[in-house]
Amino acid sequence: MGRFFKSSIGRKYAMALSAFFLMFFLLQHFAINILSVFSPDAFNEASHFMGTFWAVQYVLQPILIFGVVYHFVMGFILEAKNRGARVKKYAKNNGAANSSWMSRNMIYSGLAILAFLVLHFIDFWIPEINTKYIQGDMSGLLGDGDGFRYYEELVHKFVNPLRVGAYVAAFIFLSLHLMHGFSSAFQSAGATSMRKEKLQLFGKAYAILIPLGFIFIALFHHFNH
Amino acid sequence: MNLTLKIWRQPNAQTKGKMVDYKVTEISEHMSFLEMMDVLNEQLINKGEEPVAFDHDCREGICGMCSMFINGEAHGPDRGVTTCQLHMRMFKDGDTITIEPFRAKAFPVIKDLVVDRSSFDRIQHAGGYISVNTSGNTQDANAIPISKHAADEAMDAATCIGCGACVASCKNASAMLFVGAKVSQYALLPQGRIEAVDRVKNMVAQMDLEGFGNCSNTGACEIECPKGISLENIARMNREYLMANVKD
Ligand code: HEM
Ligand code: SF4
Ligand code: FES
């Protein structure tokens, strides 16, 4: 199997597999975040559970980090190899005649997502790790002990309009990435075209609705506090 | 009609090439694109210049030789045709037409618009066949039942003429549509199943060795393929390849 993952098709399977995992994670992430719009308490409970349950922290979180890193590193490797496969470029190339903009620019939408992830890590992940594992405060409570801290921290992050703007832009790029990526991952994994039209429709719906939902959450907290 | 042509000229594989402008006049809209190129070449020969080298053979859309990248598309703007079947009525009087060779690391330019596609031959040699061993108990092919659906799909895959338009159109210069068609053609039939595991592994290994890119599923190949080979063949090749590796 070692040779398999070094082959062109093996790499595509690996790319699709990491993408499936990321798309599933995104769904789960959305499900918890949307709670913050309806019920701060429910959001706090869910966040505290995810932030302290061992299986999430020590099993799923490392898999997620590996999945993200694997996905973008493999994305860069594929991009470099694919560029190398055409050394001399065409003087005139009409890409729009036969393929979508999204499909031809996965590396750029991907890079935008990566830039966002750096910001997102600085915003939420690093402070979490700091509070929980460096300062050792696993209580999930506010400094004054007045209830859970998660909702307060979330709301606080969406005050700055620049950050809100960056989040909105990033989710637009994520939408573009998934507009091609969703059905592409199924094709890479060898799915038959029998159900292709329904699958593509579902993929487009996912690619628009989930990022739109995240944008809604960011704007909701920005304008409501 | 009168046209301006921007054509890639390159004397040989070692020398750097460049785009050169030419004018052709009184081109009939009923001409094929290759006939228009013939007119240009006669003009060049009469002036004592080197004619533009381009590949062609059957001129009826079956040999796959006529590789040209015209106005940013393999075989030009029409769908489901090779360059020899592209008609000048697809263009307008006064148009400027850019003509380049198919570009891929695995398709090096030999001269002008002629490229070396023997990388495709080597992929075929790696497994694009069945060994018909005459063991004494060989069955009559007609005695082996094959479903209509499988027979149709195998036939569709077999219509690939190995022209290389898929590679030329792909942003990654990937050969997966071609290899997918060749793998599928046999994978769908009982005669091809016998060597299916080795076939897909060897053909994919050769494809990678030749320096073709990886498929990003943009679908450009399927749109530009003169024979309408479907992306389904790539999905089938991926499945075959996975199963072949799992079986080992
Ligand atoms: C971290 C930054 C990211 C980068 C640099 C990146 C880069 C890429 C690239 C270059 C491709 C195309 C690979 C190819 O040509 O075959 C790709 C495919 C894909 N990406 Fe990403 N990506 C990133 C994040 C994400 C995220 C967060 C998701 C989903 C939540 C995602 C979902 C997908 C999907 C579904 C595909 C299609 C997979 C396939 O064709 O098999 N990506 N990514
Ligand atoms: S798959 Fe289509 S474009 Fe590619 S070589 Fe075969 S006939 Fe030509
Ligand atoms: S010359 Fe044979 S296909 Fe065009």
# chains A, B, ... in the order shown; residues from 1 in each chain; ligands from 1
>>> residues_near_ligand(ligand="ligand 2", cutoff="10 Å", atoms="only C-alpha atoms and all ligand atoms", output="NGL selection string")
:B and (61-65 or 67 or 74-75 or 80-82 or 120 or 157-170 or 174-182 or 220-231 or 233-234)
>>> write_last_selection(atoms="N, CA and C atoms", output="CSV table (one decimal), in the first residue's frame")
chain,number,residue,atom,x,y,z
B,61,GLY,N,-11.3,12.0,-39.0
B,61,GLY,CA,-11.7,12.0,-37.6
B,61,GLY,C,-11.5,10.6,-36.9
B,62,ILE,N,-10.7,9.7,-37.5
B,62,ILE,CA,-10.5,8.4,-36.9
B,62,ILE,C,-9.1,8.1,-36.5
B,63,CYS,N,-8.1,8.8,-37.0
B,63,CYS,CA,-6.7,8.4,-36.6
B,63,CYS,C,-6.2,9.1,-35.4
B,64,GLY,N,-6.7,10.3,-35.2
B,64,GLY,CA,-6.3,11.1,-34.0
B,64,GLY,C,-5.0,11.8,-34.1
B,65,MET,N,-4.4,11.9,-35.3
B,65,MET,CA,-3.1,12.5,-35.5
B,65,MET,C,-3.1,14.0,-35.4
B,67,SER,N,-3.2,16.9,-34.1
B,67,SER,CA,-3.1,17.7,-32.9
B,67,SER,C,-2.9,19.1,-33.1
B,74,ALA,N,-8.2,22.5,-27.6
B,74,ALA,CA,-7.7,21.4,-28.4
B,74,ALA,C,-8.7,21.2,-29.5
B,75,HIS,N,-8.2,21.1,-30.7
B,75,HIS,CA,-9.1,20.9,-31.9
B,75,HIS,C,-10.0,22.1,-32.2
B,80,GLY,N,-16.8,17.8,-30.2
B,80,GLY,CA,-16.9,16.4,-30.7
B,80,GLY,C,-16.2,16.2,-32.1
B,81,VAL,N,-15.2,17.1,-32.4
B,81,VAL,CA,-14.5,16.9,-33.7
B,81,VAL,C,-13.0,17.0,-33.5
B,82,THR,N,-12.3,16.4,-34.4
B,82,THR,CA,-10.9,16.6,-34.5
B,82,THR,C,-10.6,17.8,-35.4
B,120,PHE,N,1.9,7.8,-25.0
B,120,PHE,CA,0.7,7.1,-25.1
B,120,PHE,C,0.9,5.6,-25.5
B,157,ALA,N,-15.9,3.2,-24.5
B,157,ALA,CA,-14.6,3.5,-24.1
B,157,ALA,C,-13.6,3.2,-25.2
B,158,ALA,N,-13.9,2.2,-26.0
B,158,ALA,CA,-13.0,1.8,-27.1
B,158,ALA,C,-12.9,2.7,-28.2
B,159,THR,N,-13.9,3.7,-28.3
B,159,THR,CA,-13.8,4.7,-29.4
B,159,THR,C,-12.7,5.7,-29.2
B,160,CYS,N,-12.1,5.7,-28.1
B,160,CYS,CA,-10.9,6.6,-27.9
B,160,CYS,C,-9.9,6.4,-29.0
B,161,ILE,N,-9.5,7.5,-29.7
B,161,ILE,CA,-8.6,7.4,-30.8
B,161,ILE,C,-7.1,7.8,-30.4
B,162,GLY,N,-6.9,8.0,-29.1
B,162,GLY,CA,-5.6,8.3,-28.6
B,162,GLY,C,-5.0,9.6,-29.2
B,163,CYS,N,-5.9,10.6,-29.3
B,163,CYS,CA,-5.5,11.9,-30.0
B,163,CYS,C,-4.7,12.7,-29.0
B,164,GLY,N,-4.9,12.6,-27.7
B,164,GLY,CA,-4.2,13.5,-26.7
B,164,GLY,C,-4.9,14.8,-26.4
B,165,ALA,N,-6.1,15.0,-27.0
B,165,ALA,CA,-6.8,16.3,-26.7
B,165,ALA,C,-7.1,16.4,-25.2
B,166,CYS,N,-7.3,15.3,-24.5
B,166,CYS,CA,-7.6,15.3,-23.1
B,166,CYS,C,-6.4,15.9,-22.3
B,167,VAL,N,-5.2,15.4,-22.7
B,167,VAL,CA,-4.0,15.9,-22.1
B,167,VAL,C,-3.8,17.4,-22.4
B,168,ALA,N,-4.0,17.7,-23.7
B,168,ALA,CA,-3.8,19.1,-24.1
B,168,ALA,C,-4.7,20.1,-23.4
B,169,SER,N,-5.9,19.6,-23.1
B,169,SER,CA,-6.9,20.5,-22.5
B,169,SER,C,-6.8,20.6,-21.0
B,170,CYS,N,-6.3,19.6,-20.4
B,170,CYS,CA,-6.2,19.5,-18.9
B,170,CYS,C,-5.3,20.5,-18.4
B,174,SER,N,-3.0,16.0,-17.5
B,174,SER,CA,-3.2,14.7,-17.0
B,174,SER,C,-3.7,13.8,-18.1
B,175,ALA,N,-3.3,12.5,-18.1
B,175,ALA,CA,-3.7,11.6,-19.2
B,175,ALA,C,-4.8,10.6,-18.7
B,176,MET,N,-5.5,11.0,-17.6
B,176,MET,CA,-6.4,10.0,-17.0
B,176,MET,C,-7.6,9.7,-17.8
B,177,LEU,N,-8.0,10.6,-18.7
B,177,LEU,CA,-9.2,10.2,-19.5
B,177,LEU,C,-8.8,9.1,-20.5
B,178,PHE,N,-7.6,9.3,-21.1
B,178,PHE,CA,-7.1,8.3,-22.1
B,178,PHE,C,-6.9,7.0,-21.4
B,179,VAL,N,-6.2,7.0,-20.3
B,179,VAL,CA,-5.9,5.7,-19.6
B,179,VAL,C,-7.1,5.1,-19.0
B,180,GLY,N,-8.0,6.0,-18.5
B,180,GLY,CA,-9.3,5.5,-18.0
B,180,GLY,C,-10.1,4.8,-19.1
B,181,ALA,N,-10.1,5.3,-20.3
B,181,ALA,CA,-10.8,4.7,-21.4
B,181,ALA,C,-10.2,3.4,-21.8
B,182,LYS,N,-8.9,3.3,-21.8
B,182,LYS,CA,-8.2,2.1,-22.2
B,182,LYS,C,-8.4,1.0,-21.1
B,220,ALA,N,-12.5,19.3,-18.2
B,220,ALA,CA,-12.1,19.9,-19.5
B,220,ALA,C,-11.9,18.8,-20.5
B,221,CYS,N,-11.3,17.7,-20.1
B,221,CYS,CA,-11.0,16.6,-21.1
B,221,CYS,C,-12.3,16.1,-21.8
B,222,GLU,N,-13.3,15.8,-20.9
B,222,GLU,CA,-14.5,15.2,-21.4
B,222,GLU,C,-15.2,16.2,-22.4
B,223,ILE,N,-15.1,17.5,-22.2
B,223,ILE,CA,-15.7,18.5,-23.1
B,223,ILE,C,-15.0,18.5,-24.4
B,224,GLU,N,-13.6,18.4,-24.3
B,224,GLU,CA,-12.8,18.6,-25.5
B,224,GLU,C,-12.6,17.3,-26.3
B,225,CYS,N,-12.9,16.2,-25.7
B,225,CYS,CA,-12.6,14.9,-26.3
B,225,CYS,C,-13.5,14.8,-27.6
B,226,PRO,N,-12.8,14.5,-28.7
B,226,PRO,CA,-13.6,14.4,-30.0
B,226,PRO,C,-14.6,13.2,-30.0
B,227,LYS,N,-14.3,12.2,-29.1
B,227,LYS,CA,-15.1,11.0,-29.1
B,227,LYS,C,-16.1,11.0,-27.9
B,228,GLY,N,-16.2,12.1,-27.1
B,228,GLY,CA,-17.1,12.1,-26.0
B,228,GLY,C,-16.8,11.1,-24.9
B,229,ILE,N,-15.6,10.7,-24.7
B,229,ILE,CA,-15.2,9.8,-23.7
B,229,ILE,C,-15.6,10.4,-22.3
B,230,SER,N,-16.4,9.7,-21.5
B,230,SER,CA,-16.9,10.3,-20.3
B,230,SER,C,-16.0,10.1,-19.1
B,231,LEU,N,-16.1,11.1,-18.1
B,231,LEU,CA,-15.4,11.0,-16.9
B,231,LEU,C,-15.6,9.8,-16.1
B,233,ASN,N,-15.2,7.0,-17.0
B,233,ASN,CA,-14.1,6.0,-17.2
B,233,ASN,C,-12.9,6.3,-16.2
B,234,ILE,N,-12.8,7.5,-15.8
B,234,ILE,CA,-11.7,7.8,-14.8
B,234,ILE,C,-12.1,7.3,-13.4
>>> residues_near_ligand(ligand="ligand 1", cutoff="6 Å", atoms="only C-alpha atoms and all ligand atoms", output="NGL selection string")
(:A and (12 or 15-16 or 19 or 22-23 or 26 or 68 or 72 or 75 or 106-107 or 110-111 or 113-114 or 178 or 181-182 or 184-185 or 188)) or (:B and (216))
>>> write_last_selection(atoms="C-alpha atoms", output="tab-separated table (two decimals), in the first residue's frame")
chain	number	residue	atom	x	y	z
A	12	LYS	CA	-6.26	11.45	-5.28
A	15	MET	CA	-6.95	13.89	-0.99
A	16	ALA	CA	-10.61	12.87	-1.25
A	19	ALA	CA	-11.61	16.22	2.21
A	22	LEU	CA	-12.99	17.99	6.66
A	23	MET	CA	-16.45	18.33	5.20
A	26	LEU	CA	-17.35	21.42	9.04
A	68	VAL	CA	-6.04	19.65	7.73
A	72	PHE	CA	-3.12	21.32	2.32
A	75	GLY	CA	-2.75	20.11	-2.21
A	106	MET	CA	-8.65	25.20	-6.05
A	107	ILE	CA	-5.15	26.17	-4.97
A	110	GLY	CA	-7.39	26.76	-0.66
A	111	LEU	CA	-4.68	29.33	0.10
A	113	ILE	CA	-8.79	29.18	3.54
A	114	LEU	CA	-5.31	28.46	4.90
A	178	LEU	CA	-16.49	23.29	-2.02
A	181	GLY	CA	-14.57	20.11	-4.21
A	182	PHE	CA	-17.67	18.33	-2.97
A	184	SER	CA	-14.80	16.24	-7.08
A	185	ALA	CA	-14.06	14.22	-3.95
A	188	SER	CA	-11.83	10.92	-7.08
B	216	SER	CA	-8.34	17.57	-10.64
>>> closest_residue(among="B:Val109, B:Ala53, B:Val200, B:Leu86", to="ligand 3", atoms="only C-alpha atoms and all ligand atoms")
B:Leu86
>>> select_by_dssp(residues="stretch 46-223 of chain B", states="alpha helix (DSSP H)", output="PyMOL selection string")
chain B and resi 46+118-125+148-158+165-169+176-187+190-193+196-209+220-223
>>> residues_around(residues="A:Lys92", least_positions_apart="2", cutoff="8 Å", atoms="only C-alpha atoms", output="list of chain:residue names")
A:Tyr90, A:Asn94, B:Asn71, B:Gly72, B:Thr98
>>> write_last_selection(atoms="N, CA and C atoms", output="PDB file, in the first residue's frame")
ATOM      1  N   TYR A  90       0.540  27.632 -22.668  1.00  0.00           N
ATOM      2  CA  TYR A  90      -0.057  28.076 -23.927  1.00  0.00           C
ATOM      3  C   TYR A  90      -0.022  29.595 -24.007  1.00  0.00           C
ATOM      4  N   ASN A  94      -8.148  28.937 -23.432  1.00  0.00           N
ATOM      5  CA  ASN A  94      -9.535  29.310 -23.126  1.00  0.00           C
ATOM      6  C   ASN A  94     -10.138  28.322 -22.114  1.00  0.00           C
TER       7      ASN A  94
ATOM      8  N   ASN B  71      -7.028  28.635 -30.831  1.00  0.00           N
ATOM      9  CA  ASN B  71      -7.715  29.654 -30.025  1.00  0.00           C
ATOM     10  C   ASN B  71      -7.988  29.177 -28.600  1.00  0.00           C
ATOM     11  N   GLY B  72      -6.987  28.537 -28.012  1.00  0.00           N
ATOM     12  CA  GLY B  72      -7.109  28.151 -26.612  1.00  0.00           C
ATOM     13  C   GLY B  72      -7.843  26.862 -26.342  1.00  0.00           C
ATOM     14  N   THR B  98      -5.118  31.756 -33.160  1.00  0.00           N
ATOM     15  CA  THR B  98      -3.863  31.326 -32.546  1.00  0.00           C
ATOM     16  C   THR B  98      -3.745  29.802 -32.653  1.00  0.00           C
TER      17      THR B  98
END
>>> atom_distance(atom1="atom 4 (Fe, counted along the ligand's line) of ligand 3", atom2="atom CA of B:Cys84")
4.3 Å
>>> closest_residue(among="B:Met68, B:Ala244, B:Ala104, B:Met90", to="chain A", atoms="only C-alpha atoms")
B:Ala104
>>> residues_around(residues="A:Phe186", least_positions_apart="3", cutoff="9 Å", atoms="only C-alpha atoms", output="list of chain:residue names")
A:Ala16, A:Phe20, A:Gly181, A:Phe182, A:Ser183, A:Ala189, A:Gly190, A:Ala191, A:Thr192, A:Leu199, B:Ala235
>>> interface_residues(of="chain B", to="chain A", cutoff="9 Å", atoms="only C-alpha atoms", output="ChimeraX atom specification")
/B:19,69-73,77,98-106,169-174,204-205,207-208,211-224,231-232,234-242,245-246,248
>>> closest_residue(among="B:Glu42, B:Glu50, B:Glu29, B:Asp55", to="ligand 3", atoms="only C-alpha atoms and all ligand atoms")
B:Asp55
>>> atom_distance(atom1="atom CA of B:Val39", atom2="atom CA of B:Glu60")
18.6 Å
>>> atom_distance(atom1="atom CA of B:Leu40", atom2="atom CA of B:Val24")
6.3 Å
>>> closest_residue(among="B:Ile110, B:Met88, B:Ile146, B:Leu188", to="B:Met36", atoms="only C-alpha atoms")
B:Met88
